[in-house]
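Quick look at model18.txt (compact mmCIF, C-alpha atoms):
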# COMPACT_ATOMS: atom_id res chain seq x y z
CA MET A 1 1.12 -5.80 -11.35
CA ILE A 2 3.56 -3.67 -9.33
CA VAL A 3 4.47 -3.42 -5.65
CA VAL A 4 4.75 -0.04 -3.90
CA ALA A 5 5.97 0.66 -0.35
CA SER A 6 6.67 3.92 1.44
CA ASN A 7 8.57 5.07 4.51
CA VAL A 8 11.18 2.33 4.57
CA GLN A 9 12.99 4.50 7.15
CA GLY A 10 16.30 2.64 6.69
CA ASN A 11 14.69 -0.53 8.06
CA VAL A 12 16.30 -3.32 6.05
CA VAL A 13 14.58 -5.93 8.22
CA ALA A 14 11.19 -4.72 6.97
CA LEU A 15 12.54 -4.40 3.42
CA ASN A 16 13.78 -8.01 3.44
CA ALA A 17 10.38 -9.13 4.78
CA LEU A 18 8.80 -7.33 1.81
CA LEU A 19 11.13 -9.08 -0.64
CA GLU A 20 10.31 -12.45 0.89
CA ARG A 21 6.59 -11.72 0.52
CA VAL A 22 7.11 -10.63 -3.08
CA GLU A 23 8.71 -13.99 -3.90
CA ARG A 24 5.61 -15.76 -2.54
CA LEU A 25 3.28 -13.40 -4.40
CA LYS A 26 5.03 -14.22 -7.66
CA GLU A 27 3.40 -17.64 -7.48
CA ASN A 28 0.05 -15.95 -8.17
CA TYR A 29 0.92 -12.60 -9.74
CA ASP A 30 3.10 -11.37 -12.59
CA LEU A 31 4.98 -8.73 -10.61
CA LYS A 32 6.86 -6.34 -12.88
CA ALA A 33 8.54 -3.90 -10.48
CA ILE A 34 8.96 -2.76 -6.87
CA TYR A 35 8.89 0.92 -5.90
CA VAL A 36 9.80 2.52 -2.58
CA LEU A 37 8.87 6.10 -1.70
CA GLY A 38 11.15 7.38 1.04
CA VAL A 39 14.26 5.30 1.71
CA PHE A 40 16.08 6.47 4.84
CA GLY A 41 15.07 7.86 8.20
CA TYR A 42 15.09 6.84 11.86
CA MET A 43 16.00 3.15 11.64
CA PRO A 44 19.55 1.76 12.05
CA PHE A 45 20.32 0.15 8.68
CA PRO A 46 20.93 2.87 6.06
CA ARG A 47 23.87 1.15 4.41
CA GLU A 48 22.16 -2.24 4.27
CA THR A 49 18.97 -0.66 2.95
CA TYR A 50 20.83 1.10 0.14
CA GLU A 51 22.66 -2.11 -0.83
CA THR A 52 19.46 -4.17 -0.80
CA ILE A 53 17.63 -1.68 -3.01
CA VAL A 54 20.46 -1.65 -5.55
CA GLU A 55 20.96 -5.42 -5.52
CA ASN A 56 17.26 -6.07 -6.12
CA ASP A 57 16.75 -3.38 -8.78
CA ILE A 58 14.11 -1.60 -6.69
CA LYS A 59 13.00 1.80 -7.99
CA ALA A 60 13.39 4.46 -5.29
CA VAL A 61 12.00 7.98 -4.87
CA ARG A 62 13.37 10.45 -2.32
CA GLY A 63 11.55 11.32 0.87
CA ARG A 64 12.25 14.37 3.03
CA ILE A 65 15.08 12.80 5.04
CA ASP A 66 16.59 11.41 1.83
CA HIS A 67 16.65 14.90 0.35
CA LEU A 68 18.37 16.33 3.43
CA ILE A 69 21.00 13.57 3.36
CA ALA A 70 21.64 14.11 -0.35
CA GLU A 71 22.08 17.86 0.09
CA TRP A 72 23.77 17.81 3.51
CA HIS A 73 27.31 18.46 2.35
CA GLU A 74 26.20 21.47 0.27
CA MET A 75 23.99 23.04 2.95
CA ASP A 76 25.36 26.02 4.86
CA GLU A 77 25.37 26.16 8.64
CA GLU A 78 22.26 28.34 8.82
CA GLU A 79 20.28 25.81 6.79
CA LYS A 80 21.47 22.98 9.03
CA LYS A 81 20.62 24.93 12.17
CA SER A 82 17.08 25.45 10.89
CA LEU A 83 16.43 21.77 11.65
CA ASP A 84 15.67 20.69 15.18
CA GLU A 85 18.54 18.97 16.95
CA PHE A 86 17.08 15.47 16.78
CA GLU A 87 16.46 15.62 13.03
CA ARG A 88 19.88 17.16 12.43
CA LYS A 89 21.57 14.27 14.24
CA ILE A 90 19.50 11.73 12.27
CA VAL A 91 20.56 13.27 8.96
CA GLU A 92 24.23 13.46 9.98
CA TRP A 93 24.18 9.87 11.22
CA ASN A 94 22.68 8.58 7.96
CA TRP A 95 25.04 10.69 5.85
CA ASP A 96 28.07 9.26 7.62
CA ARG A 97 27.00 5.61 7.51
CA LEU A 98 25.89 5.60 3.89
CA GLY A 99 29.45 6.13 2.74
CA ARG A 100 30.60 7.86 -0.39
CA ASP A 101 29.02 5.44 -2.85
CA GLY A 102 25.70 5.42 -0.99
CA ARG A 103 25.57 9.21 -0.94
CA LYS A 104 26.45 9.36 -4.63
CA TRP A 105 23.64 6.91 -5.42
CA LEU A 106 21.16 8.97 -3.42
CA ARG A 107 22.18 12.23 -5.10
CA ASN A 108 22.36 10.96 -8.67
CA GLU A 109 20.02 7.98 -8.98
CA VAL A 110 17.13 8.63 -6.61
CA PRO A 111 14.77 11.30 -8.00
CA SER A 112 12.26 13.48 -6.18
CA PHE A 113 9.49 11.98 -8.31
CA LEU A 114 9.15 9.31 -10.96
CA ALA A 115 6.67 9.13 -13.84
CA GLU A 116 6.23 5.67 -15.32
CA LYS A 117 4.19 4.49 -18.28
CA TRP A 118 2.50 1.12 -17.81
CA GLY A 119 0.50 0.19 -20.91
CA ASP A 120 -2.10 2.89 -21.44
CA ASN A 121 -1.69 4.29 -17.94
CA GLU A 122 0.84 6.80 -16.66
CA ILE A 123 1.54 6.76 -12.94
CA LEU A 124 3.30 9.44 -10.90
CA PHE A 125 5.25 8.23 -7.87
CA VAL A 126 6.12 10.90 -5.31
CA TYR A 127 6.78 10.88 -1.58
CA GLY A 128 5.06 14.13 -0.66
CA SER A 129 2.45 15.83 -2.83
CA PRO A 130 2.75 16.48 -6.58
CA PHE A 131 2.99 20.20 -5.73
CA ASP A 132 5.81 19.70 -3.23
CA PRO A 133 7.50 16.28 -3.57
CA ILE A 134 9.87 16.77 -0.62
CA ASN A 135 7.96 18.73 2.04
CA GLY A 136 4.37 18.24 0.93
CA PHE A 137 1.93 15.73 2.36
CA VAL A 138 -1.33 14.27 1.05
CA LYS A 139 -3.75 13.69 3.93
CA PRO A 140 -5.85 10.53 4.30
CA ASN A 141 -9.61 10.48 4.97
CA GLN A 142 -10.42 13.75 3.22
CA PRO A 143 -13.48 14.71 1.11
CA SER A 144 -13.26 13.95 -2.61
CA SER A 145 -12.96 17.68 -3.41
CA TYR A 146 -9.60 17.71 -1.58
CA TYR A 147 -8.17 14.96 -3.78
CA GLU A 148 -9.72 16.44 -6.93
CA SER A 149 -7.91 19.73 -6.25
CA ILE A 150 -4.62 17.83 -6.03
CA LEU A 151 -5.14 15.82 -9.21
CA ALA A 152 -6.69 18.54 -11.39
CA PRO A 153 -3.35 20.10 -12.47
CA PHE A 154 -1.91 16.62 -13.12
CA ARG A 155 -4.57 15.16 -15.39
CA LYS A 156 -2.00 13.49 -17.64
CA TYR A 157 -1.57 10.89 -14.89
CA GLU A 158 -4.20 8.24 -14.35
CA MET A 159 -2.84 7.63 -10.85
CA VAL A 160 -0.63 9.38 -8.32
CA VAL A 161 1.01 7.22 -5.64
CA VAL A 162 2.24 9.08 -2.56
CA GLY A 163 4.14 8.21 0.60
CA GLY A 164 2.62 8.35 4.05
CA TYR A 165 1.97 6.56 7.30
CA GLU A 166 -1.67 5.57 6.72
CA ARG A 167 -2.75 3.62 3.68
CA PHE A 168 -5.65 4.88 1.58
CA ILE A 169 -7.09 4.98 -1.91
CA ALA A 170 -9.08 7.95 -3.23
CA GLU A 171 -10.99 7.94 -6.52
CA THR A 172 -11.84 11.21 -8.26
CA ILE A 173 -13.13 12.38 -11.61
CA HIS A 174 -9.51 13.07 -12.58
CA GLY A 175 -7.98 9.76 -11.49
CA LYS A 176 -6.83 7.97 -8.36
CA ILE A 177 -4.51 8.77 -5.47
CA ALA A 178 -3.10 5.88 -3.45
CA CYS A 179 -0.85 5.63 -0.41
CA PRO A 180 0.60 2.22 0.56
CA GLY A 181 1.15 3.10 4.23
CA ALA A 182 4.45 2.80 6.07
CA LEU A 183 6.69 -0.24 5.59
CA GLY A 184 9.40 0.41 8.17
CA ILE A 185 7.27 1.05 11.27
CA ALA A 186 6.12 -1.88 13.39
CA GLU A 187 2.69 -0.53 14.37
CA SER A 188 0.99 -1.51 11.09
CA PRO A 189 3.52 -2.17 8.28
CA SER A 190 1.94 -2.52 4.86
CA PHE A 191 2.46 -2.14 1.14
CA ALA A 192 0.29 -1.90 -1.98
CA LEU A 193 -0.28 -4.12 -4.98
CA ILE A 194 -1.38 -2.13 -8.03
CA ASP A 195 -2.81 -3.65 -11.20
CA THR A 196 -1.30 -1.44 -13.87
CA ARG A 197 -4.08 -2.25 -16.36
CA GLY A 198 -7.19 -1.39 -14.37
CA LEU A 199 -5.37 0.53 -11.60
CA ASP A 200 -7.04 -1.57 -8.94
CA VAL A 201 -5.24 -1.28 -5.59
CA SER A 202 -5.06 -3.81 -2.77
CA PHE A 203 -3.16 -3.51 0.48
CA GLU A 204 -1.05 -6.18 2.14
CA ASP A 205 -0.16 -6.31 5.82
CA LEU A 206 3.43 -7.25 6.65
CA ASP A 207 5.22 -8.52 9.74
CA PHE A 208 8.90 -8.09 10.60
CA GLU A 209 11.00 -8.75 13.68
CA ALA A 210 10.76 -5.40 15.41
CA SER A 211 12.68 -6.62 18.47
CA GLY A 212 15.76 -7.17 16.30
CA VAL A 213 15.48 -3.66 14.93
CA GLU A 214 15.15 -2.31 18.47
CA ARG A 215 18.34 -4.11 19.51
CA ALA A 216 20.17 -2.61 16.54
CA VAL A 217 18.91 0.86 17.46
CA LYS A 218 20.37 0.48 20.95
CA GLU A 219 23.69 -0.88 19.63
CA ARG A 220 24.22 1.35 16.60
CA MET A 221 22.49 4.57 17.62
CA LYS A 222 23.37 4.70 21.32
CA ASP A 223 24.57 8.30 21.05
CA MET A 224 21.14 9.35 19.76
CA ASP A 225 17.80 9.69 21.51
CA VAL A 226 17.25 5.92 21.62
CA GLU A 227 13.97 6.15 23.51
CA ARG A 228 12.46 8.46 20.92
CA ILE A 229 13.69 6.30 18.02
CA THR A 230 12.32 3.15 19.63
CA ASP A 231 8.96 4.82 20.19
CA PHE A 232 8.94 5.80 16.51
CA LEU A 233 9.69 2.19 15.53
CA TYR A 234 6.65 0.87 17.38
CA HIS A 235 4.21 3.75 17.05
CA GLY A 236 5.31 6.06 14.22
CA PRO A 237 5.31 9.86 14.37
Take the structure from the file and write it as C-alpha cells.
Amino acid sequence: MIVVASNVQGNVVALNALLERVERLKENYDLKAIYVLGVFGYMPFPRETYETIVENDIKAVRGRIDHLIAEWHEMDEEEKKSLDEFERKIVEWNWDRLGRDGRKWLRNEVPSFLAEKWGDNEILFVYGSPFDPINGFVKPNQPSSYYESILAPFRKYEMVVVGGYERFIAETIHGKIACPGALGIAESPSFALIDTRGLDVSFEDLDFEASGVERAVKERMKDMDVERITDFLYHGP
C-alpha cells in the first residue's frame, strides 16, 4: 500500500496533517511509501515543506511552480516576463525562501516524473499529463475514450497517477488513471491510498488548521496579493 498526495502548495500544515494520518493508518495498513506530486506554490511554508519532505523520505515529483522555481536562475528576462505578475512574484518568493540547499534539492533530486515498480505493476507518477509533465493537465469526469487516448502510448504502465485539484479514478482497457485531489487547499483536502497489488484506489479526506495558514500568509507574504492567496487557500483556483 502506498500514499499519494498532490498540490501540496508549500503548505506544511497540511503535509504534517497527512503524516499524522499516515501514522494512524499504519495500524491497519502496511504502508510502503509516500509520494507527493507538486511541492511548492501559493502557501507560506516552502522551506518547512522542503525540510519535512526530506526528513520523512517522501518521494516528490515536480509540479509547474516547482519547475519554474528550479529553472528561475537560468531563465532570461523575456521568459520571466512571459509569466503574469502574480505568478512571477510567487516564483521569486519561493526561490528566495527555499535557500541554496532547497533549490539544489529541487533541481537535482525532484524529477518531472517518476516510474516505480511495485511487484508486477509499474506505476507512473507525474504532476501534469504523461505527454507534458509540467504544463499538461488530465481532466476529471471525461468519457473513457479520453483516458484511453492518454494511456494508449504508455501501455507499459498499469497505472498513471497525476496531480490535480479534483480526485478521480478512471479505468480503461489500457490501465488506470488516478488523481488524489489537492492536499494543500482547505476546500476539500484529500489524498489517495493505492494497493500496489490489485491497484485498488481509495480516497481519504483530510483536515488541517486553515486559519493558521491564513495567519502565516498575512505575516510572511504581506508584500504579495494576500487576498488572492487567501482565496486560493480556501477555494482553490
Subject >> Computed interatomic separation between atom CA of A:Gly163 and atom CA of A:Met224 (Å) >> reply: 25.6 Å
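Neighbours of stretch 168-183 of chain A closer than or equal to 6 Å, with only C-alpha atoms counted and sequence neighbours fewer than 2 positions away skipped, come out as Ala5, Ser6, Asn7, Val8, Glu148, Glu158, Met159, Val160, Val161, Val162, Gly163, Gly164, Tyr165, Glu166, Ile185, Pro189, Ser190, Phe191 and Ala192 of chain A.
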Residues of stretch 161-225 of chain A that have any atom at most 10 Å from an atom of stretch 42-47 of chain A: could you tabulate them with the shortest-distance atom pair and the distance in Å to one decimal, using all atoms listed in the file, ordered by chain and increasing number, as a tab-separated table?
residue	atom	partner	partner_atom	distance
A:Gly184	CA	A:Met43	CA	7.9
A:Ile185	CA	A:Met43	CA	9.0
A:Val213	CA	A:Pro44	CA	7.4
A:Glu214	CA	A:Pro44	CA	8.8
A:Arg215	CA	A:Pro44	CA	9.6
A:Ala216	CA	A:Pro44	CA	6.3
A:Val217	CA	A:Pro44	CA	5.5
A:Lys218	CA	A:Pro44	CA	9.0
A:Glu219	CA	A:Pro44	CA	9.0
A:Arg220	CA	A:Pro44	CA	6.5
A:Met221	CA	A:Pro44	CA	6.9
Subject >> Shell of 10 Å around A:Trp105, all atoms listed in the file, local chain residues under 5 positions omitted, as a VMD selection string >> reply: chain A and resid 50 54 70 98 100 110
Go ahead and save the residues from that selection, with C-alpha atoms, as a short mmCIF file (atom, residue, chain, number, x, y, z; two decimals), in the frame of the given file.
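Saved file selection.cif follows:
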data_model
loop_
_atom_site.label_atom_id
_atom_site.label_comp_id
_atom_site.auth_asym_id
_atom_site.auth_seq_id
_atom_site.Cartn_x
_atom_site.Cartn_y
_atom_site.Cartn_z
CA TYR A 50 20.83 1.10 0.14
CA VAL A 54 20.46 -1.65 -5.55
CA ALA A 70 21.64 14.11 -0.35
CA LEU A 98 25.89 5.60 3.89
CA ARG A 100 30.60 7.86 -0.39
CA VAL A 110 17.13 8.63 -6.61
#
Original post:
Suppose you want the space between atom CA of A:Val12 and atom CA of A:Ile69; what is it in Å?
Top reply: 17.7 Å
Original post:
Using all atoms listed in the file, which of A:Glu55, A:Glu48, A:Asp205, A:Asp66 sits nearest A:Asn135?
Top reply: A:Asp66
Residues proximal to (2.8, 3.9, -16.5) were defined as those with any atom within 12 Å of that point in the file's coordinates, counting all atoms listed in the file. Which are they, as a compact mmCIF listing (two decimals) with C-alpha atoms, keeping the file's coordinate frame?
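The result, written out as point.txt:
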# COMPACT_ATOMS: atom_id res chain seq x y z
CA MET A 1 1.12 -5.80 -11.35
CA ILE A 2 3.56 -3.67 -9.33
CA LYS A 32 6.86 -6.34 -12.88
CA ALA A 33 8.54 -3.90 -10.48
CA LEU A 114 9.15 9.31 -10.96
CA ALA A 115 6.67 9.13 -13.84
CA GLU A 116 6.23 5.67 -15.32
CA LYS A 117 4.19 4.49 -18.28
CA TRP A 118 2.50 1.12 -17.81
CA GLY A 119 0.50 0.19 -20.91
CA ASP A 120 -2.10 2.89 -21.44
CA ASN A 121 -1.69 4.29 -17.94
CA GLU A 122 0.84 6.80 -16.66
CA ILE A 123 1.54 6.76 -12.94
CA LEU A 124 3.30 9.44 -10.90
CA PHE A 125 5.25 8.23 -7.87
CA LYS A 156 -2.00 13.49 -17.64
CA TYR A 157 -1.57 10.89 -14.89
CA GLU A 158 -4.20 8.24 -14.35
CA MET A 159 -2.84 7.63 -10.85
CA VAL A 160 -0.63 9.38 -8.32
CA VAL A 161 1.01 7.22 -5.64
CA ILE A 194 -1.38 -2.13 -8.03
CA ASP A 195 -2.81 -3.65 -11.20
CA THR A 196 -1.30 -1.44 -13.87
CA ARG A 197 -4.08 -2.25 -16.36
CA GLY A 198 -7.19 -1.39 -14.37
CA LEU A 199 -5.37 0.53 -11.60
Original post:
What is the atom CA of A:Phe131-atom CA of A:Met75 distance in Å, reported with one decimal?
Top reply: 22.9 Å
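Closest approach to A:Phe86 from the set A:Pro153, A:Gly41, A:Pro140, A:Gly128 is made by A:Gly41, with distances taken over all atoms listed in the file.
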Subject >> Answer as a PyMOL selection string, residues within 10 Å of (14.6, -0.7, -8.1) using all atoms listed in the file >> reply: chain A and resi 33-36+52-61+110
**OP:** Would you list the contacts of A:Phe208 as number ranges by chain, taking every protein, DNA or RNA residue within 9 Å and counting only C-alpha atoms, but skipping same-chain residues closer than 5 positions in sequence?
**Re:** A: 13-18, 184, 186, 189
Subject >> Residue with smallest distance to A:Val4 - pool A:Lys89, A:Lys139, A:Arg167, A:Arg107, counting all atoms listed in the file >> reply: A:Arg167
**OP:** Name all residues at most 7 Å from A:Arg62 (count all atoms listed in the file; drop same-chain ones fewer than 4 positions away) and give them as a ChimeraX atom specification.
**Re:** /A:37-39,66-67,110-112,127
Subject >> Counting all atoms listed in the file, the residue of A:Glu51, A:Glu20, A:Glu204, A:Glu78 that sits nearest A:Gly99 >> reply: A:Glu51
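The residue that comes closest to A:Glu209, out of A:Leu233, A:Leu83, A:Ile65, A:Leu193 and on the basis of all atoms listed in the file, is A:Leu233.
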